[in-house]
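Novice: Below is one structure. I have some questions about it.
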Amino acid sequence: MRHLMSPLDFTPQELDRLFDLANDIEHNKKKYAHACDGKILATCFYEPSTRTRLSFESAMTRLGGSVIGFSDAGSSSASKGESVSDTIRVISCYADICAMRHPKEGAPMVAMERSLIPVINAGDGGHQHPTQTLTDLLTIRSLKGSLGGFTIGLCGDLKFGRTVHSLIHALVRYEDIRFLFISPEELKVPDYITEMLKNKDIPYEEVTSLEDVMPRLDLLYMTRVQKERFFNEEDYIRLKDFYILDTAKMELAKPDMLVLHPLPRVNEISVEVDSDPRAAYFKQAQYGVYVRMALILTLLELA
Amino acid sequence: MLNVGKIEEGFVLDHIKAGKSLSLYDHLGLDKLDCTVAIIKNARSNKMGKKDILKVECDINMLDLDVLAYIDHNITVNVIKDGEIVDKKDLVLPQQIKNVIHCHNPRCITSIEQELPHIFYLADPAKEVYRCKYCEEKYTERSKNYK
């Protein structure tokens with residue numbers, strides 16, 4: 001039985017097969033409409049995340065399966081003090097596969113260790129968010145043609161932004177990728193990531209100005225400064241508007257650069273950028289459903 | 001110079017940093033064992049200037065070499081049988097340590113999940129960096145505990 005805790009759980013070859021399947025689903029939706037008939041997905045969301053949860057629910061429903069679950073810790077037995085270990089043992093009796101989001105880092109791994117069904121990490125605190133990474137990789141592969149041979153700028157909250165951490169871990173396995181980390185000093189990428197890049201001899205730079213590096217980028221991955229990751233409201237207010245991508249900045253970029261964003265955005269991308277053909281973040285949300293469909297089929301061994 | 005007699009069966013931990021034998025005594029749980037223990041503090045050493053030595057009369061299998069290696073892998077472990085050194089154990093940093101140190105990341109699941117073991121893995125052998133299995137937070141207080 002396989003689970004998904006980190007994007008590294010799948011080899012690049014396995015990811016290629018997963019993305020081939022996702023692209024096949026994209027172009028042949030009817031073929032997969034009953035692939036999960038009779039199967040149940042449990043969405044165990046201990047913190048609110050409408051987008052990721054609905055993406056999972058949409059994926060399972062489009063495959064013909066059903067969904068059960070809870071969408072915040074208050075409406076689950078966690079509010080009565082039940083441990084993650086106990087919850088997953090019970091959920092294992094009710095469902096065939098589980099997607100878990102939890103504010104505590106490592107919670108889905110605890111679930112995985114006790115579970116009788118495949119567990120998907122749907123985001124654990126500021127740590128990992130592998131299905132977002134699979135979405136990002138599928139979007140890049142589908143729109144750029146390959147994974148590798150580009151300079152990617154990651155901008156915004158690189159300290160707590162789990163999507164960023166997961167994406168970096170996944171991209172280092174491909175050839176000829178250069179990273180530009182664009183963040184305020186307080187939200188720099190954690191040292192364990194820069195340590196890993198140094199060890200693997202992968203080029204990276206840490207800068208604070210987005211304008212200065214725009215012309216060098218093939219991909220720009222914008223992130224939101226997340227209020228829920230801060231203990232201190234004052235720090236959040238100071239840092240939330242540090243970067244705003246607008247048409248003036250887009251004019252500095254290459255004509256084929258792509259802008260990605262895990263969504264939801266607040267104001268870090270002006271709405272005027274939405275009509276720019278390089279804005280790929282809504283397509284990215286659509287790829288998120290296809291990749292989750294492919295993942296559910298793969299983990300249930302139905303592909 | 002103070003003389004401490006030979007032990008018949010057990011182990012001698014040599015080349016302990018001076019003044020740290022009591023800390024090792026605690027980490028190894030020697031207070032819980034019903035055996036003879038000699039703690040020698042600030043013994044003269046050609047190599048270290050001053051050093052501590054622990055002599056323990058008990059079965060070698062009762063010693064947690066992983067914990068010892070984690071605390072200080074430069075310590076020499078001499079295994080004693082019939083009053084003679086019969087073996088010297090090489091200490092290498094363990095790939096994983098369980099319930100020796102605790103994760104201090106308030107966002108880690110270990111901070112709320114009762115009875116979850118605190119497991120750390122060796123992330124960077126060259127820099128002797130350990131990270132929490134669950135949240136990957138680096139353990140930074142090792143040097144404070146033992147220097």
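Chains: A, B, ... in order of the structure tokens. Residues: from 1 per chain. Ligands: from 1, in order shown.
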Write down, as a VMD selection string, each residue of chain A that has any atom within 10 Å of an atom of chain B, counting only C-alpha atoms.

Specialist: chain A and resid 81 to 85 102 to 110 124 to 128 190 to 192 195 to 196 199 229

Novice: Which residues, written as a CSV table (one decimal) with N, CA and C atoms, in the first residue's frame, have at least one atom at most 6 Å from range 69-85 of chain B, with only C-alpha atoms counted and residues fewer than 5 positions away on the same chain left out?

Specialist:
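Generated file (part-v9.csv):
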chain,number,residue,atom,x,y,z
B,7,ILE,N,38.1,-3.3,37.1
B,7,ILE,CA,36.8,-4.0,37.2
B,7,ILE,C,36.9,-5.4,36.5
B,8,GLU,N,36.1,-6.3,36.9
B,8,GLU,CA,36.2,-7.7,36.3
B,8,GLU,C,35.5,-7.8,35.0
B,9,GLU,N,34.3,-7.3,35.0
B,9,GLU,CA,33.4,-7.4,33.8
B,9,GLU,C,32.6,-6.2,33.7
B,10,GLY,N,32.6,-5.6,32.5
B,10,GLY,CA,31.8,-4.3,32.3
B,10,GLY,C,32.5,-3.5,31.2
B,11,PHE,N,32.4,-2.2,31.4
B,11,PHE,CA,33.0,-1.4,30.4
B,11,PHE,C,33.6,-0.1,31.0
B,12,VAL,N,34.6,0.4,30.3
B,12,VAL,CA,35.3,1.7,30.8
B,12,VAL,C,35.1,2.7,29.6
B,13,LEU,N,34.5,3.8,30.0
B,13,LEU,CA,34.3,4.9,29.0
B,13,LEU,C,35.4,5.8,29.2
B,14,ASP,N,36.3,5.9,28.2
B,14,ASP,CA,37.5,6.8,28.4
B,14,ASP,C,37.4,8.0,27.4
B,15,HIS,N,38.2,9.0,27.7
B,15,HIS,CA,38.2,10.2,26.8
B,15,HIS,C,36.9,11.0,26.8
B,16,ILE,N,36.3,11.0,28.0
B,16,ILE,CA,35.1,11.8,28.2
B,16,ILE,C,35.6,13.2,28.4
B,91,LEU,N,32.4,4.2,18.0
B,91,LEU,CA,31.1,4.8,18.1
B,91,LEU,C,30.9,5.6,16.8
B,92,VAL,N,29.8,5.3,16.1
B,92,VAL,CA,29.5,6.1,14.9
B,92,VAL,C,28.1,6.7,15.2
B,93,LEU,N,27.9,7.9,14.6
B,93,LEU,CA,26.7,8.6,14.8
B,93,LEU,C,25.5,7.8,14.4

Novice: Would you list, as a list in words, the residues of chain B that end up in alpha helix (DSSP H) under DSSP run on this structure's backbone?

Specialist: Ser21, Leu22, Ser23, Leu24, Tyr25, Asp26, His27, Leu65, Asp66, Val67, Leu68, Ala69, Tyr70, Ile71, Arg142, Ser143, Lys144 and Asn145 of chain B

Novice: Print the selection's residues with C-alpha atoms to a file, as a short mmCIF file (atom, residue, chain, number, x, y, z; two decimals), in the first residue's frame.

Specialist:
data_model
loop_
_atom_site.label_atom_id
_atom_site.label_comp_id
_atom_site.auth_asym_id
_atom_site.auth_seq_id
_atom_site.Cartn_x
_atom_site.Cartn_y
_atom_site.Cartn_z
CA SER B 21 30.93 12.32 33.24
CA LEU B 22 27.92 13.15 35.43
CA SER B 23 25.96 14.30 32.39
CA LEU B 24 26.80 10.99 30.66
CA TYR B 25 25.81 9.10 33.81
CA ASP B 26 22.35 10.65 33.51
CA HIS B 27 21.99 10.17 29.74
CA LEU B 65 25.86 2.79 22.32
CA ASP B 66 23.60 4.86 20.04
CA VAL B 67 22.90 7.35 22.80
CA LEU B 68 26.57 7.45 23.66
CA ALA B 69 27.56 8.03 20.04
CA TYR B 70 24.99 10.78 19.73
CA ILE B 71 26.27 12.53 22.83
CA ARG B 142 22.97 19.38 21.27
CA SER B 143 26.04 21.49 21.78
CA LYS B 144 24.48 23.23 24.77
CA ASN B 145 23.85 19.92 26.51
#

Novice: Quick one: residues within 12 Å of Phe150 in chain A, only C-alpha atoms counted, chain neighbours fewer than 5 positions away excluded, as a ChimeraX atom specification?

Specialist: /A:140-141,144-145,171-172,174-180,203,216-220,256-258

Novice: Taking N, CA and C atoms for each residue, export the selection above as a compact mmCIF listing (two decimals), in the first residue's frame.

Specialist:
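So result_1.txt came out as:
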# COMPACT_ATOMS: atom_id res chain seq x y z
N ILE A 140 3.51 22.96 -15.06
CA ILE A 140 4.76 23.34 -15.74
C ILE A 140 5.01 22.40 -16.91
N ARG A 141 4.87 21.09 -16.66
CA ARG A 141 5.14 20.12 -17.73
C ARG A 141 4.17 20.30 -18.89
N LYS A 144 4.91 24.18 -20.30
CA LYS A 144 6.28 24.46 -20.75
C LYS A 144 6.84 23.33 -21.61
N GLY A 145 6.20 22.18 -21.54
CA GLY A 145 6.64 21.05 -22.36
C GLY A 145 7.59 20.10 -21.65
N LEU A 171 11.64 19.82 -7.56
CA LEU A 171 12.33 20.30 -8.76
C LEU A 171 13.82 19.95 -8.79
N VAL A 172 14.41 19.77 -7.60
CA VAL A 172 15.86 19.50 -7.58
C VAL A 172 16.20 18.17 -8.27
N TYR A 174 15.28 17.36 -11.22
CA TYR A 174 15.31 17.54 -12.67
C TYR A 174 16.57 18.31 -13.07
N GLU A 175 16.91 18.20 -14.35
CA GLU A 175 18.17 18.77 -14.85
C GLU A 175 18.07 20.28 -15.05
N ASP A 176 19.19 20.95 -14.78
CA ASP A 176 19.40 22.33 -15.21
C ASP A 176 18.30 23.28 -14.71
N ILE A 177 18.10 23.29 -13.40
CA ILE A 177 17.12 24.23 -12.81
C ILE A 177 17.87 25.20 -11.90
N ARG A 178 17.55 26.47 -12.07
CA ARG A 178 18.18 27.51 -11.24
C ARG A 178 17.07 28.18 -10.41
N PHE A 179 17.36 28.39 -9.14
CA PHE A 179 16.36 28.98 -8.24
C PHE A 179 16.72 30.42 -7.89
N LEU A 180 15.71 31.29 -7.92
CA LEU A 180 15.87 32.65 -7.40
C LEU A 180 14.84 32.82 -6.29
N PRO A 203 22.37 25.66 -8.34
CA PRO A 203 22.51 27.12 -8.20
C PRO A 203 21.26 27.79 -7.63
N ARG A 216 15.11 37.71 -15.90
CA ARG A 216 15.85 36.43 -15.94
C ARG A 216 14.94 35.22 -15.78
N LEU A 217 13.69 35.43 -15.44
CA LEU A 217 12.83 34.30 -15.05
C LEU A 217 12.11 33.64 -16.22
N ASP A 218 12.05 32.31 -16.18
CA ASP A 218 11.20 31.55 -17.10
C ASP A 218 9.87 31.22 -16.43
N LEU A 219 9.91 31.16 -15.11
CA LEU A 219 8.70 30.89 -14.32
C LEU A 219 8.74 31.77 -13.09
N LEU A 220 7.60 32.32 -12.71
CA LEU A 220 7.51 33.08 -11.46
C LEU A 220 6.42 32.44 -10.62
N ASP A 256 7.50 34.66 -22.80
CA ASP A 256 6.93 33.32 -22.55
C ASP A 256 7.05 32.91 -21.08
N MET A 257 7.34 33.87 -20.20
CA MET A 257 7.40 33.53 -18.77
C MET A 257 5.98 33.17 -18.27
N LEU A 258 5.91 32.22 -17.36
CA LEU A 258 4.61 31.85 -16.80
C LEU A 258 4.52 32.30 -15.35

Novice: Using only C-alpha atoms, which residues sit within 10 Å of range 91-101 of chain A once same-chain residues fewer than 3 positions away are excluded, as a VMD selection string?

Specialist: chain A and resid 3 to 4 38 to 49 52 to 53 56 to 57 66 to 72 86 to 88 104 to 105 107 to 109 111 to 112 114 to 125 129 131 296 299 to 300

Novice: Go ahead and write the residues just picked, C-alpha atoms, as a compact mmCIF listing (two decimals), in the first residue's frame.

Specialist:
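Everything below was put into result-v5.txt:
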# COMPACT_ATOMS: atom_id res chain seq x y z
CA HIS A 3 0.78 6.84 0.58
CA LEU A 4 1.77 10.35 -0.41
CA GLY A 38 -18.18 2.30 -4.99
CA LYS A 39 -15.03 3.84 -3.52
CA ILE A 40 -15.02 6.40 -0.70
CA LEU A 41 -12.59 9.25 -0.10
CA ALA A 42 -12.38 10.65 3.45
CA THR A 43 -11.31 14.30 3.58
CA CYS A 44 -10.00 14.90 7.13
CA PHE A 45 -9.34 18.62 7.25
CA TYR A 46 -8.29 19.83 10.71
CA GLU A 47 -7.96 23.38 9.43
CA PRO A 48 -10.09 25.18 6.86
CA SER A 49 -9.00 24.96 3.25
CA THR A 52 -7.79 21.96 -1.58
CA ARG A 53 -10.74 20.12 -0.05
CA PHE A 56 -10.12 16.53 -3.78
CA GLU A 57 -13.90 16.22 -3.62
CA SER A 66 -18.13 9.28 -2.96
CA VAL A 67 -16.73 11.62 -0.31
CA ILE A 68 -17.11 11.80 3.47
CA GLY A 69 -15.21 13.95 5.92
CA PHE A 70 -14.93 17.06 8.04
CA SER A 71 -13.66 20.50 7.19
CA ASP A 72 -12.31 21.85 10.47
CA ASP A 86 -7.02 7.01 16.83
CA THR A 87 -8.92 9.04 14.23
CA ILE A 88 -7.18 7.38 11.30
CA LYS A 104 0.65 20.42 12.94
CA GLU A 105 3.66 19.40 10.92
CA ALA A 107 0.42 14.80 11.44
CA PRO A 108 -0.30 12.98 8.14
CA MET A 109 2.87 10.91 8.71
CA ALA A 111 -1.74 8.88 10.32
CA MET A 112 0.18 6.97 7.65
CA ARG A 114 -1.32 3.74 11.81
CA SER A 115 -3.54 3.63 8.71
CA LEU A 116 -5.00 0.64 6.88
CA ILE A 117 -5.83 2.76 3.81
CA PRO A 118 -3.68 5.06 1.62
CA VAL A 119 -3.16 8.49 3.21
CA ILE A 120 -2.52 11.64 1.18
CA ASN A 121 -0.87 14.58 2.90
CA ALA A 122 -3.10 17.50 1.91
CA GLY A 123 -0.89 19.99 3.76
CA ASP A 124 0.72 19.84 7.22
CA GLY A 125 1.40 23.21 8.83
CA HIS A 129 1.92 20.23 0.56
CA THR A 131 -0.53 17.54 -3.99
CA ILE A 296 -6.43 8.66 -6.32
CA LEU A 299 -2.97 4.91 -4.85
CA LEU A 300 -6.11 2.77 -5.14

Novice: Please report the interatomic distance between CA of Val56 in chain B and CA of Thr36 in chain B in Å with one decimal.

Specialist: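 If I compute the distance from CA of Val56 in chain B to CA of Thr36 in chain B, I get 5.9 Å.
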
Novice: With a distance cut-off of 12 Å and only C-alpha atoms, select the neighbouring residues of Gln13 in chain A, excluding the residue or stretch itself and same-chain residues fewer than 5 positions from it, and output the selection as a list in words.

Specialist: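 Those residues are Leu8, Leu18, Phe19, Asp20, Leu147, Arg173 and Tyr174 of chain A.
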
Novice: Write out as a PyMOL selection string all residues of range 67-178 of chain A that DSSP puts in strand (DSSP E) for this structure's backbone.

Specialist: chain A and resi 67-70+97-102+119-124+150-155+177-178

Novice: Since we have the selection now, will you write its residues out, keeping C-alpha atoms, as a PDB file, in the first residue's frame?

Specialist:
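That gives us again-v1.pdb:
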ATOM      1  CA  VAL A  67     -16.729  11.621  -0.315  1.00  0.00           C
ATOM      2  CA  ILE A  68     -17.111  11.803   3.470  1.00  0.00           C
ATOM      3  CA  GLY A  69     -15.208  13.951   5.920  1.00  0.00           C
ATOM      4  CA  PHE A  70     -14.930  17.064   8.043  1.00  0.00           C
ATOM      5  CA  ILE A  97      -8.516   6.441   0.882  1.00  0.00           C
ATOM      6  CA  CYS A  98      -7.914   9.518   3.059  1.00  0.00           C
ATOM      7  CA  ALA A  99      -6.738  13.057   2.322  1.00  0.00           C
ATOM      8  CA  MET A 100      -5.570  14.779   5.512  1.00  0.00           C
ATOM      9  CA  ARG A 101      -4.796  18.406   6.220  1.00  0.00           C
ATOM     10  CA  HIS A 102      -3.551  19.338   9.677  1.00  0.00           C
ATOM     11  CA  VAL A 119      -3.164   8.494   3.207  1.00  0.00           C
ATOM     12  CA  ILE A 120      -2.520  11.638   1.180  1.00  0.00           C
ATOM     13  CA  ASN A 121      -0.873  14.582   2.903  1.00  0.00           C
ATOM     14  CA  ALA A 122      -3.095  17.503   1.911  1.00  0.00           C
ATOM     15  CA  GLY A 123      -0.886  19.991   3.765  1.00  0.00           C
ATOM     16  CA  ASP A 124       0.719  19.845   7.219  1.00  0.00           C
ATOM     17  CA  PHE A 150      14.620  26.831 -16.622  1.00  0.00           C
ATOM     18  CA  THR A 151      15.109  29.569 -14.057  1.00  0.00           C
ATOM     19  CA  ILE A 152      12.309  29.724 -11.522  1.00  0.00           C
ATOM     20  CA  GLY A 153      11.684  32.639  -9.183  1.00  0.00           C
ATOM     21  CA  LEU A 154       9.858  31.877  -5.948  1.00  0.00           C
ATOM     22  CA  CYS A 155       8.463  35.035  -4.410  1.00  0.00           C
ATOM     23  CA  ILE A 177      17.123  24.227 -12.814  1.00  0.00           C
ATOM     24  CA  ARG A 178      18.179  27.508 -11.244  1.00  0.00           C
TER      25      ARG A 178
END

Novice: Please provide as an NGL selection string all residues within 9 Å of His165 in chain A, with the sequence filter that same-chain residues fewer than 2 positions apart are discarded (counting only C-alpha atoms).

Specialist: :A and (126-129 or 158-163 or 167-170 or 189-190 or 193)

Novice: I need the chosen residues saved as an mmCIF file, in the first residue's frame, with C-alpha atoms.

Specialist:
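Result file is part.cif:
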data_model
loop_
_atom_site.group_PDB
_atom_site.id
_atom_site.type_symbol
_atom_site.label_atom_id
_atom_site.label_comp_id
_atom_site.auth_asym_id
_atom_site.auth_seq_id
_atom_site.Cartn_x
_atom_site.Cartn_y
_atom_site.Cartn_z
ATOM 1 C CA GLY A 126 4.257 25.021 7.152
ATOM 2 C CA HIS A 127 5.917 21.761 6.213
ATOM 3 C CA GLN A 128 4.748 19.949 3.058
ATOM 4 C CA HIS A 129 1.921 20.226 0.558
ATOM 5 C CA LEU A 158 9.404 31.381 1.545
ATOM 6 C CA LYS A 159 9.740 30.652 5.280
ATOM 7 C CA PHE A 160 6.284 29.328 6.113
ATOM 8 C CA GLY A 161 5.122 28.679 2.532
ATOM 9 C CA ARG A 162 4.880 24.906 2.417
ATOM 10 C CA THR A 163 3.985 24.909 -1.291
ATOM 11 C CA LEU A 167 8.111 22.439 -4.980
ATOM 12 C CA ILE A 168 11.828 22.999 -4.379
ATOM 13 C CA HIS A 169 12.271 19.429 -3.117
ATOM 14 C CA ALA A 170 10.539 18.120 -6.222
ATOM 15 C CA VAL A 189 13.701 30.065 2.754
ATOM 16 C CA PRO A 190 14.634 27.795 5.743
ATOM 17 C CA ILE A 193 16.544 23.832 2.074
#
